[in-house]
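Asks: Structure provided below as structure tokens; questions to follow.
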Amino acid sequence: MTHKAGYVNIIGNPNVGKSSLMNVLVGEKLSIITSKVQTTRHRILGIVNGDDHQIIFSDTPGIIHNPAYKMHEVMNSFVQTAMIDADLIMFVVDVTEKTSYTETIEKIKETNVPVFIIINKVDLSTQDEVVNLIKQWQEWLPSASVFPVSALHEFNTAGLFERILDVLPESPAYFPKDELTDKSMRFFISEIIREKILLNYKQEIPYSVEVAIDTYEESERLVKIQALIFVARDSQKAIIIGKQGSAIKKVGTMARLDMEEFIGKKVFLELNVKVTKDWRDNDKLLKRFGYES
């Protein structure tokens with residue numbers, strides 16, 4: 001029996017649904033999904049194993065065209081790496097985007113691996129508009145395959161999965177067959193907390209925040225977690241905590257419930273907030289948060 005394996009790297013602009021698509025294809029919620037842009041900050045692997053295949057999906061941050069911080073530069077470097085080490089590139093666009101793709105198209109043309117253009121969110125468009133978009137992408141990248149999908153409604157995702165399998169090279173598995181991702185439990189715990197911050201706070205707060213797990217102690221029935229929420233200013237700390245601690249309590253409760261489902265045990269969660277003005281440009285802290293290009 002032949003065995004196929006390879007890296008399927010998902011790239012695209014912020015908020016086009018890359019994480020939603022990967023979660024559907026992997027069958028697990030590995031990447032944060034919210035309506036805010038720049039939700040994904042890291043390159044996250046989701047591994048799908050079968051008897052005759054191993055597909056390593058790679059979710060990447062949205063391409064940032066004008067990086068403001070060192071953190072943004074590292075996020076862009078994750079995308080550049082994904083263009084290089086892929087066995088298949090999936091470039092996700094969505095029907096509502098009003099942007100120029102010239103730069104990305106030129107970079108894709110420089111690669112010599114199969115390319116799928118994924119037109120996501122087709123449920124928000126008419127059939128004629130989708131047909132025109134498909135024709136447009138076939139003109140821009142004649143060698144690519146174009147797939148209209150809706151990750152949210154899982155439209156055409158099963159067919160996409162089959163086509164991914166078709167183009168992957170014959171290869172032994174890269175990871176043990178019982179592995180689902182390359183990230184640690186601490187990483188996912190911090191991402192759960194960050195997701196709840198994205199959902200509960202407005203304006204610049206979610207983009208000024210990072211989460212580090214100080215302690216993770218697991219016993220037979222309980223997991224004790226202490227997490228530190230980093231913000232850039234004192235005023236942000238006050239907003240995160242909220243009146244008499246109400247805001248941070250809500251975040252903690254929502255995060256704890258998700259953690260218990262994710263881990264399968266009761267969770268005791270303690271959240272603290274720390275002000276560090278320049279964390280997005282601080283090499284030492286960026287390394288602690290996993291931003292290593």
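Ordered as shown in the structure tokens, chains take letters A, B, and onward, while each chain numbers its residues from 1 and ligands are numbered from 1 in the order shown.
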Skipping near chain neighbours, those fewer than 4 positions away, what residues fall within 7 Å of region 9-11 of chain A using only C-alpha atoms, listed as a PyMOL selection string?
Replies: chain A and resi 18+57-60+79+82+86+88-92
Asks: Store the residues of this selection in a file with C-alpha atoms, as a PDB file, in the first residue's frame.
Replies:
```
ATOM      1  CA  LYS A  18      -8.110  30.429   6.935  1.00  0.00           C
ATOM      2  CA  PHE A  57      -2.218  21.451   7.450  1.00  0.00           C
ATOM      3  CA  SER A  58      -0.450  24.675   8.367  1.00  0.00           C
ATOM      4  CA  ASP A  59      -2.511  27.728   9.368  1.00  0.00           C
ATOM      5  CA  THR A  60      -0.597  31.002   9.092  1.00  0.00           C
ATOM      6  CA  VAL A  79       3.914  33.221   5.919  1.00  0.00           C
ATOM      7  CA  ALA A  82       4.957  28.549   4.490  1.00  0.00           C
ATOM      8  CA  ALA A  86       4.855  23.476   1.135  1.00  0.00           C
ATOM      9  CA  LEU A  88       0.643  22.269  -1.656  1.00  0.00           C
ATOM     10  CA  ILE A  89      -0.170  25.976  -1.204  1.00  0.00           C
ATOM     11  CA  MET A  90      -3.777  26.902  -0.483  1.00  0.00           C
ATOM     12  CA  PHE A  91      -4.297  30.635  -1.040  1.00  0.00           C
ATOM     13  CA  VAL A  92      -7.585  31.600   0.617  1.00  0.00           C
TER      14      VAL A  92
END
```
Asks: Could you pull out the strand (DSSP E or B) residues of region 147-218 of chain A from DSSP and send them as a PyMOL selection string?
Replies: chain A and resi 147-148+150+155+170+181+210-218
Asks: Those same residues, written as an mmCIF file, in the first residue's frame with N, CA and C atoms?
Replies:
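Written file, selection.cif:
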```cif
data_model
loop_
_atom_site.group_PDB
_atom_site.id
_atom_site.type_symbol
_atom_site.label_atom_id
_atom_site.label_comp_id
_atom_site.auth_asym_id
_atom_site.auth_seq_id
_atom_site.Cartn_x
_atom_site.Cartn_y
_atom_site.Cartn_z
ATOM 1 N N PHE A 147 -11.236 26.531 -6.109
ATOM 2 C CA PHE A 147 -12.313 25.852 -5.391
ATOM 3 C C PHE A 147 -13.200 26.865 -4.675
ATOM 4 N N PRO A 148 -14.469 26.961 -5.045
ATOM 5 C CA PRO A 148 -15.397 27.775 -4.255
ATOM 6 C C PRO A 148 -15.868 26.967 -3.042
ATOM 7 N N SER A 150 -17.503 27.220 1.330
ATOM 8 C CA SER A 150 -17.929 27.965 2.520
ATOM 9 C C SER A 150 -17.481 27.147 3.725
ATOM 10 N N PHE A 155 -19.460 23.788 2.964
ATOM 11 C CA PHE A 155 -19.829 23.553 1.569
ATOM 12 C C PHE A 155 -18.581 23.291 0.742
ATOM 13 N N GLU A 170 3.843 10.805 -2.664
ATOM 14 C CA GLU A 170 4.083 9.578 -1.885
ATOM 15 C C GLU A 170 5.240 9.842 -0.935
ATOM 16 N N THR A 181 -1.149 17.802 16.465
ATOM 17 C CA THR A 181 -0.567 19.126 16.230
ATOM 18 C C THR A 181 0.865 19.162 16.745
ATOM 19 N N GLU A 210 -1.143 39.885 24.999
ATOM 20 C CA GLU A 210 -0.587 38.544 24.787
ATOM 21 C C GLU A 210 -0.728 37.775 26.084
ATOM 22 N N VAL A 211 -0.764 36.461 25.983
ATOM 23 C CA VAL A 211 -1.002 35.613 27.160
ATOM 24 C C VAL A 211 0.144 34.619 27.325
ATOM 25 N N ALA A 212 0.644 34.509 28.536
ATOM 26 C CA ALA A 212 1.673 33.509 28.867
ATOM 27 C C ALA A 212 1.167 32.635 30.011
ATOM 28 N N ILE A 213 1.450 31.357 29.937
ATOM 29 C CA ILE A 213 1.049 30.420 31.002
ATOM 30 C C ILE A 213 2.214 30.285 31.975
ATOM 31 N N ASP A 214 2.004 30.752 33.203
ATOM 32 C CA ASP A 214 3.046 30.678 34.234
ATOM 33 C C ASP A 214 3.170 29.279 34.812
ATOM 34 N N THR A 215 2.033 28.701 35.207
ATOM 35 C CA THR A 215 2.070 27.340 35.758
ATOM 36 C C THR A 215 0.942 26.503 35.170
ATOM 37 N N TYR A 216 1.243 25.226 34.966
ATOM 38 C CA TYR A 216 0.256 24.254 34.480
ATOM 39 C C TYR A 216 0.507 22.968 35.262
ATOM 40 N N GLU A 217 -0.323 22.740 36.256
ATOM 41 C CA GLU A 217 -0.145 21.565 37.133
ATOM 42 C C GLU A 217 -1.343 20.641 36.982
ATOM 43 N N GLU A 218 -1.060 19.427 36.550
ATOM 44 C CA GLU A 218 -2.144 18.475 36.273
ATOM 45 C C GLU A 218 -2.116 17.319 37.262
#
```
Asks: If you count only C-alpha atoms, which residues fall within 10 Å of region 234-249 of chain A, apart from same-chain ones fewer than 2 positions away, as a list in words?
Replies: Lys196, Ile197, Asn200, Tyr201, Lys202, Glu204, Ile205, Pro206, Ser208, Val209, Ile229, Phe230, Val231, Ala232, Val251, Gly252, Thr253, Met254, Ala255, Glu270, Leu271, Asn272, Val273, Lys274, Val275, Thr276 and Lys277 of chain A
Asks: I'd like to know which residues of region 81-161 of chain A are helix (DSSP H, G or I) (by DSSP, run on the backbone); could you write them as a VMD selection string?
Replies: chain A and resid 81 to 84 102 to 110 122 to 124 127 to 140 157 to 161
Asks: Please write the residues from the selection above to a file, keeping C-alpha atoms, as an mmCIF file, in the first residue's frame.
Replies:
```cif
data_model
loop_
_atom_site.group_PDB
_atom_site.id
_atom_site.type_symbol
_atom_site.label_atom_id
_atom_site.label_comp_id
_atom_site.auth_asym_id
_atom_site.auth_seq_id
_atom_site.Cartn_x
_atom_site.Cartn_y
_atom_site.Cartn_z
ATOM 1 C CA THR A 81 8.320 30.076 5.365
ATOM 2 C CA ALA A 82 4.957 28.549 4.490
ATOM 3 C CA MET A 83 5.501 29.552 0.841
ATOM 4 C CA ILE A 84 8.826 27.696 0.798
ATOM 5 C CA THR A 102 -0.531 41.352 -7.180
ATOM 6 C CA GLU A 103 2.300 40.884 -4.680
ATOM 7 C CA THR A 104 1.077 37.474 -3.456
ATOM 8 C CA ILE A 105 0.329 36.272 -7.002
ATOM 9 C CA GLU A 106 3.906 37.094 -8.040
ATOM 10 C CA LYS A 107 5.301 35.184 -5.051
ATOM 11 C CA ILE A 108 3.058 32.197 -5.806
ATOM 12 C CA LYS A 109 4.296 32.191 -9.425
ATOM 13 C CA GLU A 110 7.857 31.801 -8.123
ATOM 14 C CA VAL A 122 -19.464 31.818 -1.249
ATOM 15 C CA ASP A 123 -22.656 31.798 0.856
ATOM 16 C CA LEU A 124 -22.322 35.603 0.941
ATOM 17 C CA GLN A 127 -23.732 32.216 -8.217
ATOM 18 C CA ASP A 128 -22.889 34.590 -11.102
ATOM 19 C CA GLU A 129 -20.412 36.527 -8.911
ATOM 20 C CA VAL A 130 -18.706 33.279 -7.869
ATOM 21 C CA VAL A 131 -18.463 32.108 -11.506
ATOM 22 C CA ASN A 132 -16.859 35.441 -12.461
ATOM 23 C CA LEU A 133 -14.386 35.165 -9.582
ATOM 24 C CA ILE A 134 -13.404 31.654 -10.648
ATOM 25 C CA LYS A 135 -12.769 32.890 -14.219
ATOM 26 C CA GLN A 136 -10.748 35.831 -12.871
ATOM 27 C CA TRP A 137 -8.468 33.565 -10.804
ATOM 28 C CA GLN A 138 -8.046 31.136 -13.712
ATOM 29 C CA GLU A 139 -6.751 34.081 -15.749
ATOM 30 C CA TRP A 140 -4.433 35.328 -12.986
ATOM 31 C CA THR A 157 -14.915 21.082 1.914
ATOM 32 C CA ALA A 158 -15.195 17.282 1.582
ATOM 33 C CA GLY A 159 -14.484 17.554 -2.151
ATOM 34 C CA LEU A 160 -11.547 19.846 -1.425
ATOM 35 C CA PHE A 161 -10.142 17.301 1.055
#
```
